[in-house]
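Source file: entry32.cif (mmCIF, C-alpha atoms)
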```cif
data_query
#
loop_
_atom_site.label_atom_id
_atom_site.label_comp_id
_atom_site.auth_asym_id
_atom_site.auth_seq_id
_atom_site.Cartn_x
_atom_site.Cartn_y
_atom_site.Cartn_z
CA MET A 1 -1.85 81.50 74.83
CA ARG A 2 -2.82 80.15 78.24
CA ILE A 3 -2.19 82.10 81.43
CA SER A 4 -1.23 79.88 84.35
CA PRO A 5 -2.63 80.37 87.88
CA ARG A 6 0.90 81.05 89.12
CA ARG A 7 1.43 83.78 86.55
CA THR A 8 -2.01 85.19 87.24
CA CYS A 9 -1.17 85.59 90.93
CA VAL A 10 2.06 87.37 90.05
CA VAL A 11 0.29 89.66 87.62
CA LEU A 12 -2.53 90.36 90.09
CA ALA A 13 -0.05 91.36 92.75
CA ALA A 14 1.74 93.66 90.35
CA VAL A 15 -1.49 95.24 89.20
CA THR A 16 -2.58 95.76 92.80
CA GLY A 17 0.69 97.58 93.40
CA LEU A 18 0.01 99.80 90.43
CA VAL A 19 -3.44 100.70 91.70
CA VAL A 20 -2.17 101.60 95.14
CA GLY A 21 0.99 103.53 94.55
CA SER A 22 2.29 104.12 91.05
CA PRO A 23 2.04 107.40 89.14
CA ALA A 24 0.19 107.59 85.85
CA ALA A 25 2.18 106.28 82.92
CA ALA A 26 3.43 109.01 80.61
CA VAL A 27 1.32 107.78 77.71
CA ALA A 28 -0.12 110.28 75.27
CA ASP A 29 -3.51 108.99 74.23
CA ASP A 30 -3.58 111.34 71.25
CA GLY A 31 -2.01 109.78 68.18
CA GLY A 32 -3.36 106.31 68.91
CA PHE A 33 -6.40 104.66 67.38
CA THR A 34 -9.08 102.04 67.92
CA VAL A 35 -9.02 98.85 65.84
CA LYS A 36 -12.58 98.82 64.48
CA ASP A 37 -12.68 95.67 62.35
CA PRO A 38 -14.94 93.13 64.15
CA ARG A 39 -12.83 90.33 62.66
CA ILE A 40 -9.78 91.48 64.63
CA THR A 41 -10.38 90.21 68.16
CA GLU A 42 -6.90 89.00 69.13
CA SER A 43 -4.51 91.60 67.77
CA SER A 44 -1.22 89.97 68.74
CA GLY A 45 1.29 91.95 66.70
CA LEU A 46 1.72 95.44 65.25
CA ALA A 47 4.12 96.77 62.62
CA ALA A 48 4.30 100.09 60.79
CA SER A 49 4.16 99.82 57.01
CA ARG A 50 7.14 101.11 55.08
CA ALA A 51 5.30 101.29 51.76
CA HIS A 52 2.10 102.93 53.01
CA PRO A 53 2.55 105.79 55.52
CA GLY A 54 0.06 105.74 58.37
CA VAL A 55 -0.84 102.07 57.87
CA TYR A 56 -0.16 99.34 60.44
CA TRP A 57 -0.10 95.58 59.96
CA THR A 58 -1.74 93.33 62.53
CA HIS A 59 -3.23 89.84 62.80
CA ASN A 60 -5.18 87.50 65.04
CA ASP A 61 -3.66 84.48 66.74
CA GLN A 62 -5.51 81.68 65.03
CA ASP A 63 -8.13 82.76 62.52
CA GLY A 64 -6.16 81.59 59.49
CA PRO A 65 -3.32 82.85 57.26
CA TYR A 66 -4.58 86.44 57.34
CA VAL A 67 -2.86 89.76 57.92
CA TYR A 68 -4.76 93.05 58.18
CA ALA A 69 -3.68 96.52 57.07
CA VAL A 70 -5.23 99.11 59.41
CA ASP A 71 -5.38 102.88 58.80
CA GLY A 72 -3.82 104.55 61.84
CA ARG A 73 -5.99 107.64 61.42
CA SER A 74 -9.40 105.98 61.29
CA GLY A 75 -8.74 102.53 62.75
CA GLU A 76 -10.48 101.01 59.74
CA THR A 77 -9.12 97.99 57.87
CA VAL A 78 -8.01 98.93 54.36
CA ALA A 79 -6.92 95.43 53.25
CA ARG A 80 -6.96 91.82 54.36
CA ILE A 81 -4.07 89.81 52.97
CA THR A 82 -4.40 86.04 52.63
CA MET A 83 -1.06 84.24 52.62
CA ARG A 84 -0.83 81.40 50.12
CA GLY A 85 1.88 78.75 50.19
CA VAL A 86 2.00 78.33 53.96
CA GLY A 87 0.54 75.65 56.17
CA LYS A 88 -2.29 76.18 58.63
CA PRO A 89 -1.03 78.67 61.22
CA ARG A 90 -0.97 77.36 64.79
CA ASP A 91 -0.40 80.51 66.85
CA MET A 92 0.65 83.69 65.02
CA GLU A 93 2.00 86.04 67.68
CA ALA A 94 4.17 88.72 66.06
CA ILE A 95 4.75 90.77 62.95
CA SER A 96 7.56 93.01 61.70
CA VAL A 97 8.56 94.81 58.49
CA GLY A 98 12.16 94.39 57.37
CA PRO A 99 14.46 96.82 55.55
CA ASP A 100 13.76 94.85 52.38
CA GLY A 101 10.13 95.96 52.54
CA ASP A 102 8.92 92.44 53.34
CA VAL A 103 6.42 91.61 56.07
CA TYR A 104 7.56 88.90 58.50
CA VAL A 105 4.90 87.03 60.50
CA GLY A 106 5.93 84.91 63.47
CA ASP A 107 3.88 81.74 63.93
CA ILE A 108 5.94 81.22 67.07
CA GLY A 109 3.47 80.84 69.92
CA ASP A 110 3.28 77.50 71.68
CA ASN A 111 0.20 76.92 73.80
CA LEU A 112 1.62 73.51 74.72
CA ASN A 113 4.51 75.13 76.63
CA GLY A 114 7.38 74.24 74.36
CA SER A 115 6.24 70.88 73.04
CA TRP A 116 6.34 71.73 69.33
CA ASP A 117 9.72 70.81 67.90
CA HIS A 118 9.61 73.66 65.38
CA VAL A 119 7.74 76.87 64.59
CA TRP A 120 7.39 78.99 61.44
CA ILE A 121 8.08 82.43 60.07
CA TYR A 122 6.11 83.62 57.04
CA ARG A 123 7.35 86.36 54.72
CA PHE A 124 5.82 88.31 51.86
CA PRO A 125 6.50 91.68 50.13
CA GLU A 126 4.29 94.57 51.12
CA PRO A 127 1.68 94.92 48.35
CA GLU A 128 1.98 98.02 46.19
CA VAL A 129 -1.79 98.52 46.33
CA LEU A 130 -3.78 97.97 49.51
CA LYS A 131 -6.87 95.90 48.79
CA ASP A 132 -8.15 92.49 49.82
CA GLN A 133 -5.91 90.04 47.99
CA THR A 134 -4.02 86.76 48.14
CA VAL A 135 -0.23 86.83 48.06
CA ARG A 136 2.36 84.08 47.87
CA ALA A 137 4.36 83.89 51.09
CA THR A 138 7.58 82.08 51.90
CA GLN A 139 7.54 79.75 54.90
CA TYR A 140 10.65 79.17 57.03
CA ASP A 141 11.08 76.33 59.52
CA VAL A 142 12.58 77.52 62.81
CA LYS A 143 14.10 75.71 65.78
CA TYR A 144 15.93 76.93 68.87
CA ALA A 145 19.44 75.69 69.60
CA ASP A 146 18.55 74.96 73.23
CA GLY A 147 15.18 73.30 72.70
CA ALA A 148 11.55 74.18 72.05
CA ARG A 149 9.92 77.10 73.84
CA ASN A 150 6.99 79.48 73.76
CA ALA A 151 7.53 82.91 72.18
CA GLU A 152 5.46 85.94 71.22
CA ALA A 153 8.01 88.55 70.08
CA LEU A 154 9.62 88.71 66.65
CA MET A 155 11.75 91.66 65.53
CA VAL A 156 13.56 92.31 62.24
CA HIS A 157 16.52 94.67 62.59
CA PRO A 158 15.89 97.71 60.35
CA LYS A 159 19.49 97.86 59.08
CA THR A 160 20.81 94.30 58.93
CA GLY A 161 17.53 92.50 58.24
CA ARG A 162 18.43 89.87 60.83
CA VAL A 163 15.49 88.27 62.64
CA TYR A 164 15.27 87.99 66.43
CA ILE A 165 12.75 86.18 68.64
CA GLY A 166 12.00 86.89 72.30
CA SER A 167 10.83 83.87 74.30
CA LYS A 168 8.20 83.88 77.02
CA GLU A 169 9.23 81.72 79.94
CA GLU A 170 8.68 82.75 83.53
CA ASP A 171 12.28 81.67 84.20
CA GLY A 172 15.09 81.78 81.68
CA ALA A 173 13.50 83.80 78.88
CA GLY A 174 15.91 84.78 76.15
CA LEU A 175 16.50 86.84 73.04
CA TYR A 176 17.29 84.52 70.13
CA GLU A 177 19.20 85.50 67.01
CA GLY A 178 18.45 83.89 63.68
CA PRO A 179 20.97 83.11 60.93
CA GLU A 180 22.25 86.00 58.84
CA LYS A 181 19.79 85.00 56.12
CA LEU A 182 16.69 82.87 56.51
CA ALA A 183 16.57 79.95 54.08
CA THR A 184 14.00 77.48 52.81
CA GLY A 185 14.74 73.80 52.44
CA ARG A 186 16.47 73.56 55.80
CA THR A 187 15.84 74.38 59.44
CA ASN A 188 16.79 77.88 60.57
CA VAL A 189 18.39 77.59 64.01
CA PHE A 190 17.96 80.52 66.41
CA ARG A 191 20.55 80.84 69.18
CA LYS A 192 20.20 82.60 72.53
CA VAL A 193 22.27 85.80 72.68
CA HIS A 194 20.83 87.61 75.72
CA ASP A 195 18.80 86.90 78.85
CA ILE A 196 15.63 88.99 78.98
CA PRO A 197 12.40 89.15 81.00
CA TRP A 198 9.47 87.26 79.49
CA VAL A 199 7.91 89.43 76.80
CA THR A 200 4.82 89.59 74.62
CA ASP A 201 6.34 91.69 71.82
CA GLY A 202 9.28 93.84 70.83
CA ALA A 203 10.38 96.42 68.27
CA PHE A 204 13.59 98.02 67.06
CA SER A 205 13.73 101.79 66.70
CA PRO A 206 13.97 102.82 63.02
CA ASP A 207 17.66 103.70 63.36
CA GLY A 208 18.34 100.26 64.90
CA LYS A 209 19.93 101.69 68.05
CA ARG A 210 17.19 100.74 70.50
CA LEU A 211 15.20 97.59 71.21
CA VAL A 212 11.93 97.96 73.11
CA LEU A 213 10.50 94.88 74.82
CA ARG A 214 6.88 94.77 76.00
CA SER A 215 5.07 92.66 78.61
CA TYR A 216 1.56 92.86 80.05
CA LEU A 217 2.55 95.36 82.73
CA SER A 218 5.60 97.24 81.49
CA ALA A 219 7.90 98.15 78.63
CA GLU A 220 11.66 98.64 78.69
CA SER A 221 14.09 100.16 76.21
CA TYR A 222 17.58 98.71 75.67
CA ARG A 223 20.58 100.10 73.83
CA TRP A 224 21.40 97.91 70.85
CA PRO A 225 23.49 95.83 70.56
CA GLU A 226 24.83 96.22 74.12
CA MET A 227 21.59 95.09 75.79
CA GLY A 228 22.64 96.34 79.21
CA GLU A 229 20.16 97.38 81.86
CA GLY A 230 16.80 98.36 80.39
CA GLU A 231 15.15 101.74 80.92
CA SER A 232 11.52 101.62 82.02
CA LEU A 233 9.20 103.53 79.71
CA GLY A 234 6.57 104.11 82.40
CA VAL A 235 3.93 102.16 80.49
CA GLY A 236 1.64 100.38 82.90
CA TYR A 237 -1.31 98.05 82.52
CA ARG A 238 -3.18 98.52 79.24
CA GLY A 239 -5.21 95.35 78.95
CA GLN A 240 -3.74 92.15 77.51
CA SER A 241 -0.88 94.06 75.89
CA GLU A 242 0.65 92.00 73.11
CA SER A 243 2.11 94.42 70.58
CA VAL A 244 4.46 97.37 70.14
CA THR A 245 5.91 99.21 67.16
CA PHE A 246 7.60 102.49 66.28
CA THR A 247 6.26 104.99 63.78
CA PRO A 248 8.60 105.19 60.76
CA ASP A 249 10.05 108.53 61.93
CA GLY A 250 10.93 107.08 65.33
CA ARG A 251 9.08 109.82 67.21
CA THR A 252 6.30 107.66 68.63
CA MET A 253 5.80 104.16 69.93
CA LEU A 254 2.43 102.46 69.64
CA PHE A 255 1.22 99.81 72.09
CA GLY A 256 -1.69 97.51 71.24
CA ALA A 257 -3.72 94.86 73.05
CA GLU A 258 -6.00 91.96 72.34
CA GLY A 259 -9.79 92.21 72.39
CA GLU A 260 -12.63 93.55 70.31
CA GLN A 261 -12.39 97.25 69.46
CA SER A 262 -8.94 97.24 71.05
CA GLU A 263 -7.11 100.48 71.70
CA VAL A 264 -3.66 101.31 70.34
CA TYR A 265 -1.95 103.84 72.60
CA ALA A 266 0.74 106.28 71.54
CA LEU A 267 3.86 107.14 73.51
CA LYS A 268 5.96 110.08 72.33
CA VAL A 269 9.70 109.40 72.23
CA GLU A 270 11.94 112.12 73.64
CA GLY A 271 14.27 113.23 70.87
CA GLY A 272 13.03 110.46 68.61
CA SER A 273 13.66 111.28 64.98
CA GLY A 274 15.65 108.33 63.69
CA SER A 275 14.25 107.68 60.23
CA PRO A 276 14.55 104.35 58.42
CA SER A 277 17.03 105.99 56.06
CA GLY A 278 19.20 107.11 58.94
CA SER A 279 19.24 110.65 57.58
CA SER A 280 18.67 112.24 60.96
CA SER A 281 21.51 112.76 63.42
CA ALA A 282 19.21 112.43 66.42
CA SER A 283 18.34 108.94 67.58
CA PRO A 284 15.47 107.81 69.82
CA SER A 285 16.34 108.01 73.48
CA GLY A 286 13.74 105.42 74.33
CA LYS A 287 12.42 107.62 77.13
CA PRO A 288 8.80 108.73 77.40
CA ALA A 289 8.04 112.40 77.05
CA PRO A 290 7.41 114.05 80.45
CA ALA A 291 3.85 113.78 81.71
CA GLU A 292 2.11 117.08 82.37
CA ASP A 293 0.56 115.74 85.57
CA PRO A 294 2.31 112.97 87.52
CA ALA A 295 -0.76 112.27 89.63
CA LEU A 296 -3.18 109.49 88.84
CA SER A 297 -6.02 110.78 86.71
CA GLY A 298 -9.58 109.64 87.24
CA LYS A 299 -9.37 107.63 84.03
CA SER A 300 -6.20 105.88 85.20
CA VAL A 301 -7.68 105.05 88.59
CA LEU A 302 -10.73 103.52 86.94
CA LEU A 303 -8.60 101.58 84.46
CA LEU A 304 -6.22 100.24 87.06
CA GLY A 305 -9.02 99.52 89.50
CA LEU A 306 -10.63 97.29 86.93
CA ALA A 307 -7.31 95.58 86.22
CA GLY A 308 -7.58 93.30 89.22
CA ALA A 309 -10.96 92.01 88.11
CA VAL A 310 -9.64 91.52 84.59
CA VAL A 311 -6.66 89.51 85.78
CA LEU A 312 -8.86 87.30 87.94
CA ALA A 313 -10.94 86.59 84.88
CA TRP A 314 -7.78 85.34 83.19
CA LEU A 315 -7.80 82.31 85.45
CA GLY A 316 -10.60 80.89 83.31
CA PHE A 317 -9.23 82.21 80.04
CA ARG A 318 -8.46 79.66 77.35
CA ARG A 319 -7.54 80.20 73.75
CA LYS A 320 -9.95 78.99 71.13
CA ARG A 321 -8.23 76.22 69.27
#
```
Take the structure in the file and write it out as structure tokens.
Amino acid sequence: MRISPRRTCVVLAAVTGLVVGSPAAAVADDGGFTVKDPRITESSGLAASRAHPGVYWTHNDQDGPYVYAVDGRSGETVARITMRGVGKPRDMEAISVGPDGDVYVGDIGDNLNGSWDHVWIYRFPEPEVLKDQTVRATQYDVKYADGARNAEALMVHPKTGRVYIGSKEEDGAGLYEGPEKLATGRTNVFRKVHDIPWVTDGAFSPDGKRLVLRSYLSAESYRWPEMGEGESLGVGYRGQSESVTFTPDGRTMLFGAEGEQSEVYALKVEGGSGSPSGSSSASPSGKPAPAEDPALSGKSVLLLGLAGAVVLAWLGFRRKR
């Protein structure tokens, strides 16, 4: 994904505002992990495994048809899955696990700013045993009803199994709903159902009552399916933030970023206990747990102070093709 000079200026201004006047985000660093695999340098999606507790699926943008299973306790890769039966990925940007236990990978990025007439979604069952292996995946052709666009967020609803895509335009970004069932042999048309800010990833809460949308500088929680005004989660700049997921119990959200040895940060959810089975009566509120100290910590000041330099460096950033 390329970052335009215009967007860089906007981001730089926002980051400068964070450095000067915003309180520390209520992010609990305990419970997160560091992605240690040197092969994972552009972690662009994150999804909690349903079959293997404590394991998270991630992937690079463009290193091939590979998906990595990472142990959330150690940060070590426990399996690399090679997808067979799909074409050469162009720009894999998102990953989600559906209620059917299948992994959905969104090859939905468009570095040419909406010039590709279609994108792809890949799907395969979670392996019963985690080890390096090749699996047969299903490939779905996807188009948008209102024309091609760039996107980096793909979410599968945990109850209905319906697939949603969040686009990434500076103006006119939207949440797109796929058909009730994805199908091969024809084009799956996604239709815009809500206006949203441009996003880099999204995730449904396990009970399906909340949708969290992530960008580089913030994250907001929306009631589903109303999608009214979003609630800010108080998550500020955390590097090139391109992923978010819930833990299976709904008590924690995890936010990841691109880069070598990238950090995955944990955010406790107030009252969050919505399990995938829906057995709990309490549902995630989507609000961050209260911070013990609202003042900027030394670590936060250092992090945010470096943010401006990082964003300036983005002016020369180009994806490897």
Pull out every residue that the PyMOL selection byres ((chain A and resi 262) around 10) matches in the shown coordinates and put them as a VMD selection string.
chain A and resid 33 to 37 40 to 43 75 239 to 241 256 to 261 263 to 265
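Atom CA of A:Lys268 lies 23.6 Å from atom CA of A:Pro197.
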Report as an MDAnalysis selection string all protein, DNA and RNA residues lying within 10 Å of A:Lys88, evaluated on all atoms listed in the file, omitting residues in the same chain fewer than 3 positions from it.
chainID A and resid 62:65 85 91 107
Would you export the selected residues with C-alpha atoms as a PDB file, keeping the file's coordinate frame, please?
```pdb
ATOM      1  CA  GLN A  62      -5.510  81.680  65.030  1.00  0.00           C
ATOM      2  CA  ASP A  63      -8.130  82.760  62.520  1.00  0.00           C
ATOM      3  CA  GLY A  64      -6.160  81.590  59.490  1.00  0.00           C
ATOM      4  CA  PRO A  65      -3.320  82.850  57.260  1.00  0.00           C
ATOM      5  CA  GLY A  85       1.880  78.750  50.190  1.00  0.00           C
ATOM      6  CA  ASP A  91      -0.400  80.510  66.850  1.00  0.00           C
ATOM      7  CA  ASP A 107       3.880  81.740  63.930  1.00  0.00           C
TER       8      ASP A 107
END
```
Give me the residues of stretch 231-275 of chain A that have any atom at most 8 Å from an atom of stretch 213-226 of chain A; for each, the nearest atom pair and the distance in Å, rounded to one decimal. Use all atoms listed in the file, sort by chain and number, and format it as a tab-separated table.
```
residue	atom	partner	partner_atom	distance
A:Glu231	CA	A:Ser221	CA	5.1
A:Ser232	CA	A:Glu220	CA	4.5
A:Leu233	CA	A:Glu220	CA	5.6
A:Gly234	CA	A:Ser218	CA	7.0
A:Val235	CA	A:Ser218	CA	5.3
A:Gly236	CA	A:Leu217	CA	5.1
A:Tyr237	CA	A:Leu217	CA	4.7
A:Arg238	CA	A:Leu217	CA	7.4
A:Gly239	CA	A:Tyr216	CA	7.3
A:Gln240	CA	A:Tyr216	CA	5.9
A:Ser241	CA	A:Tyr216	CA	5.0
A:Glu242	CA	A:Tyr216	CA	7.1
A:Ser243	CA	A:Arg214	CA	7.2
A:Val244	CA	A:Arg214	CA	6.9
```
Nearby residues (all atoms listed in the file) at most 9 Å from A:Glu126, same-chain spacing under 2 positions excluded, as JSON, numbers by chain
{"A": [49, 50, 51, 52, 97, 101, 102, 103, 124, 128, 129, 130]}
What would the file look like if the residues just selected were written as a short mmCIF file (atom, residue, chain, number, x, y, z; two decimals), in the coordinates of the input with C-alpha atoms?
```
data_model
loop_
_atom_site.label_atom_id
_atom_site.label_comp_id
_atom_site.auth_asym_id
_atom_site.auth_seq_id
_atom_site.Cartn_x
_atom_site.Cartn_y
_atom_site.Cartn_z
CA SER A 49 4.16 99.82 57.01
CA ARG A 50 7.14 101.11 55.08
CA ALA A 51 5.30 101.29 51.76
CA HIS A 52 2.10 102.93 53.01
CA VAL A 97 8.56 94.81 58.49
CA GLY A 101 10.13 95.96 52.54
CA ASP A 102 8.92 92.44 53.34
CA VAL A 103 6.42 91.61 56.07
CA PHE A 124 5.82 88.31 51.86
CA GLU A 128 1.98 98.02 46.19
CA VAL A 129 -1.79 98.52 46.33
CA LEU A 130 -3.78 97.97 49.51
#
```
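We find atom CA of A:Ala48 and atom CA of A:Arg90 to be spaced 23.7 Å apart.
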Could you check how far atom CA of A:Ser44 sits from atom CA of A:Met92, in Å to one decimal?
7.5 Å
Residues picked by the PyMOL selection byres ((chain A and resi 104) around 12) here, as an NGL selection string?
:A and (45-49 or 57-59 or 67 or 83 or 92-103 or 105-108 or 120-126 or 137-140 or 153-157 or 161-165 or 182)
I need the residue set behind the PyMOL selection byres ((chain A and resi 169) around 12) for this file; please write it as a VMD selection string.
chain A and resid 3 to 4 7 109 to 111 113 to 114 148 to 152 166 to 168 170 to 175 195 to 200 215
Excluding A:Ser205 and residues on its chain fewer than 3 positions from it, collect all residues at most 8 Å away from it, counting all atoms listed in the file, and give them as a VMD selection string.
chain A and resid 158 208 to 212 246 250 274 284
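You can rank A:Ala69, A:Met227, A:Val55, A:Val269 by their closest distance to A:Asp132 using only C-alpha atoms, and at the top of that list sits A:Ala69.
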N, CA, C and O atoms of stretch 187-203 of chain A from block above, as a CSV table (one decimal), in the first residue's frame:
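Output contents, as saved in part36.csv:
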```
chain,number,residue,atom,x,y,z
A,187,THR,N,-19.1,-14.1,-10.1
A,187,THR,CA,-18.6,-13.0,-9.4
A,187,THR,C,-19.4,-12.7,-8.2
A,187,THR,O,-20.7,-12.6,-8.3
A,188,ASN,N,-18.8,-12.5,-7.0
A,188,ASN,CA,-19.5,-12.2,-5.8
A,188,ASN,C,-19.6,-10.6,-5.7
A,188,ASN,O,-18.5,-10.0,-5.5
A,189,VAL,N,-20.7,-10.1,-5.7
A,189,VAL,CA,-20.9,-8.6,-5.7
A,189,VAL,C,-21.1,-8.1,-4.3
A,189,VAL,O,-22.0,-8.6,-3.6
A,190,PHE,N,-20.2,-7.2,-3.9
A,190,PHE,CA,-20.4,-6.6,-2.5
A,190,PHE,C,-21.0,-5.2,-2.7
A,190,PHE,O,-20.6,-4.4,-3.6
A,191,ARG,N,-22.0,-4.9,-1.9
A,191,ARG,CA,-22.7,-3.7,-2.0
A,191,ARG,C,-22.5,-2.8,-0.7
A,191,ARG,O,-22.5,-3.3,0.4
A,192,LYS,N,-22.4,-1.5,-0.9
A,192,LYS,CA,-22.2,-0.6,0.2
A,192,LYS,C,-23.4,-0.5,1.0
A,192,LYS,O,-24.5,-0.2,0.6
A,193,VAL,N,-23.2,-0.7,2.4
A,193,VAL,CA,-24.4,-0.6,3.3
A,193,VAL,C,-24.2,0.5,4.3
A,193,VAL,O,-25.2,0.9,5.0
A,194,HIS,N,-23.0,1.0,4.5
A,194,HIS,CA,-22.8,2.1,5.5
A,194,HIS,C,-21.6,2.9,5.0
A,194,HIS,O,-20.6,2.4,4.5
A,195,ASP,N,-21.6,4.2,5.3
A,195,ASP,CA,-20.5,5.1,5.2
A,195,ASP,C,-19.6,4.9,6.5
A,195,ASP,O,-20.1,4.9,7.6
A,196,ILE,N,-18.3,4.8,6.3
A,196,ILE,CA,-17.4,4.7,7.4
A,196,ILE,C,-16.1,5.6,7.1
A,196,ILE,O,-15.9,6.0,6.0
A,197,PRO,N,-15.3,5.8,8.2
A,197,PRO,CA,-14.0,6.4,7.9
A,197,PRO,C,-13.1,5.4,7.2
A,197,PRO,O,-13.4,4.2,7.2
A,198,TRP,N,-12.0,5.9,6.5
A,198,TRP,CA,-11.1,4.9,5.9
A,198,TRP,C,-10.4,4.1,7.0
A,198,TRP,O,-10.1,4.6,8.1
A,199,VAL,N,-10.3,2.8,6.8
A,199,VAL,CA,-9.9,1.9,7.8
A,199,VAL,C,-8.8,0.9,7.3
A,199,VAL,O,-8.7,0.7,6.1
A,200,THR,N,-8.0,0.4,8.2
A,200,THR,CA,-7.0,-0.6,7.8
A,200,THR,C,-7.3,-2.0,8.3
A,200,THR,O,-6.7,-2.9,7.8
A,201,ASP,N,-8.3,-2.1,9.1
A,201,ASP,CA,-8.8,-3.5,9.5
A,201,ASP,C,-10.0,-3.3,10.4
A,201,ASP,O,-10.4,-2.2,10.8
A,202,GLY,N,-10.7,-4.4,10.6
A,202,GLY,CA,-11.9,-4.4,11.5
A,202,GLY,C,-12.1,-5.8,12.0
A,202,GLY,O,-11.5,-6.8,11.6
A,203,ALA,N,-13.0,-5.9,13.1
A,203,ALA,CA,-13.3,-7.2,13.7
A,203,ALA,C,-14.6,-7.1,14.4
A,203,ALA,O,-14.9,-6.1,15.0
```
